[in-house]
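Visitor: Right, I'll just put the structure down here and ask away after.
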Amino acid sequence: MSDFESSKLQISENKTSVLSNSLHLYEQYGAMAYGIILQIVPQKQMAQEIMIELFDSLTVNPCVEGKVSIAVCIIRKARELALLYKQKFDWETAHVPAAETDTEQAQFIFDLSFRQGKSAETIAEKLNIPKAKVYKAISQYFKTFRQS
Amino acid sequence: MKNQEYIQSGILESYLLGIVSEEEQREVEQRVLIDNEVAKALQSIEIDIANHYLTNAVPPPPNVREAILLNANKNELKKWQQQNTFKEATNHTEQLKYLEVEVDNTHIKVHKYWRPAFIAVFVLSKIFLIAALYFYFKSDSLTKENERLKQEIKLK
């Protein structure tokens with residue numbers, strides 16, 4: 001085995017051993033996950049319970065060896081779990097009002113999709129727009145934030 | 001769909017957020033494997049999304065960290081207990097593979113059926129001994145009787 005391969009193997013082993021610890025993941029991404037959960041479930045007590053469940057090693061550890069980066073995996077899992085709790089307790093969160101400008105429309109669609117957990121098909125049907133436009137709006141939402 | 005159109009369609013952002021259907025998810029994953037340009041775009045969007053949520057992060061209260069630490073410790077303890085139970089079970093099976101041999105022990109263990117067999121052999125041996133003695137004395141007395149009769153015939 002070449003030096004490069006062995007060092008690469010060592011790095012990946014270190015990454016797994018260090019990051020597999022849920023506490024390390026919490027230190028790095030805890031605040032990010034809590035921010036996402038609070039956007040979906042505004043009740044702090046419940047948001048904290050979701051955080052504990054999320055960072056339970058069995059839920060978060062698969063993120064270390066996933067197809068996407070750890071941050072994105074935690075974003076997905078935090079959203080999934082928060083939406084699950086939201087459905088379970090049938091909470092209503094404040095909707096972003098529908099608007100006319102493209103930016104406001106993108107924000108509205110993003111809210112329906114990411115925070116309210118509506119599928120792209122449902123949003124398209126509700127707003128009477130093609131599904132492709134829903135995806136485009138989500139992309140537009142991030143572009144707006146990048147520019148600001 | 002051309003690469004640029006595909007990248008700008010918003011499917012990559014939706015894929016990363018876990019909003020797309022399973023079919024679309026597979027499609028993105030296949031396209032990323034085949035197309036380097038799409039893979040690079042996905043990586044760049046991945047960083048953007050992570051940065052977006054990291055800047056909007058809200059620090060959780062300290063009791064959450066303590067609860068996670070407690071959970072992690074519980075999991076570690078469970079793992080340790082499972083490993084130990086496995087080790088004990090392995091040791092036990094390894095012990096069963098070999099016979100215990102004690103060099104200093106002068107006793108041997110035999111099957112319980114040997115007890116009636118031994119008693120039967122003992123009783124039979126006694127019977128044969130008595131029979132042997134009986135026939136010995138009988139033959140002895142008969143020999144003596146025979147001798148006496150021979151002498152009587154001779155005298156006549």
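Ordering of the structure tokens sets the chain letters (A, B, ...), residue numbers begin anew at 1 in every chain, and ligands are numbered from 1 in the order given.
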Specify as a list of chain:residue names all residues of chain B found within 6 Å of chain A, counting only C-alpha atoms.

Guide: B:Ser9, B:Gly10, B:Ile11, B:Glu13, B:Leu17, B:Gly18, B:Ala50, B:Tyr53, B:Leu54, B:Ala57, B:Val58, B:Pro59, B:Pro60, B:Ile68

Visitor: With C-alpha atoms kept, could you save the residues just selected as a short mmCIF file (atom, residue, chain, number, x, y, z; two decimals), in the first residue's frame?

Guide:
```
data_model
loop_
_atom_site.label_atom_id
_atom_site.label_comp_id
_atom_site.auth_asym_id
_atom_site.auth_seq_id
_atom_site.Cartn_x
_atom_site.Cartn_y
_atom_site.Cartn_z
CA SER B 9 -33.63 23.63 -12.39
CA GLY B 10 -33.44 23.56 -8.59
CA ILE B 11 -33.53 19.74 -8.42
CA GLU B 13 -31.16 21.98 -3.92
CA LEU B 17 -32.96 19.11 1.39
CA GLY B 18 -34.66 15.71 0.99
CA ALA B 50 -24.75 24.22 5.02
CA TYR B 53 -28.18 27.05 8.01
CA LEU B 54 -24.98 27.55 9.99
CA ALA B 57 -28.05 28.60 13.82
CA VAL B 58 -29.60 28.96 17.27
CA PRO B 59 -27.53 27.69 20.21
CA PRO B 60 -29.57 25.16 22.19
CA ILE B 68 -27.21 13.87 24.76
#
```

Visitor: Which parts of chain B does DSSP call alpha helix (DSSP H) when run on the backbone here, written out as number ranges by chain?

Guide: B: 3-8, 11-17, 22-34, 36-55, 62-97, 114-155

Visitor: May I ask for the distance between atom CA of A:Glu104 and atom CA of B:Val38, given in Å to one decimal place?

Guide: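 Interatomic distance here is 27.8 Å.
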
Visitor: Could you state the separation of atom CA of A:Leu83 and atom CA of A:Gln116 in Å, given to one decimal place?

Guide: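 Between atom CA of A:Leu83 and atom CA of A:Gln116 the gap works out to 7.4 Å.
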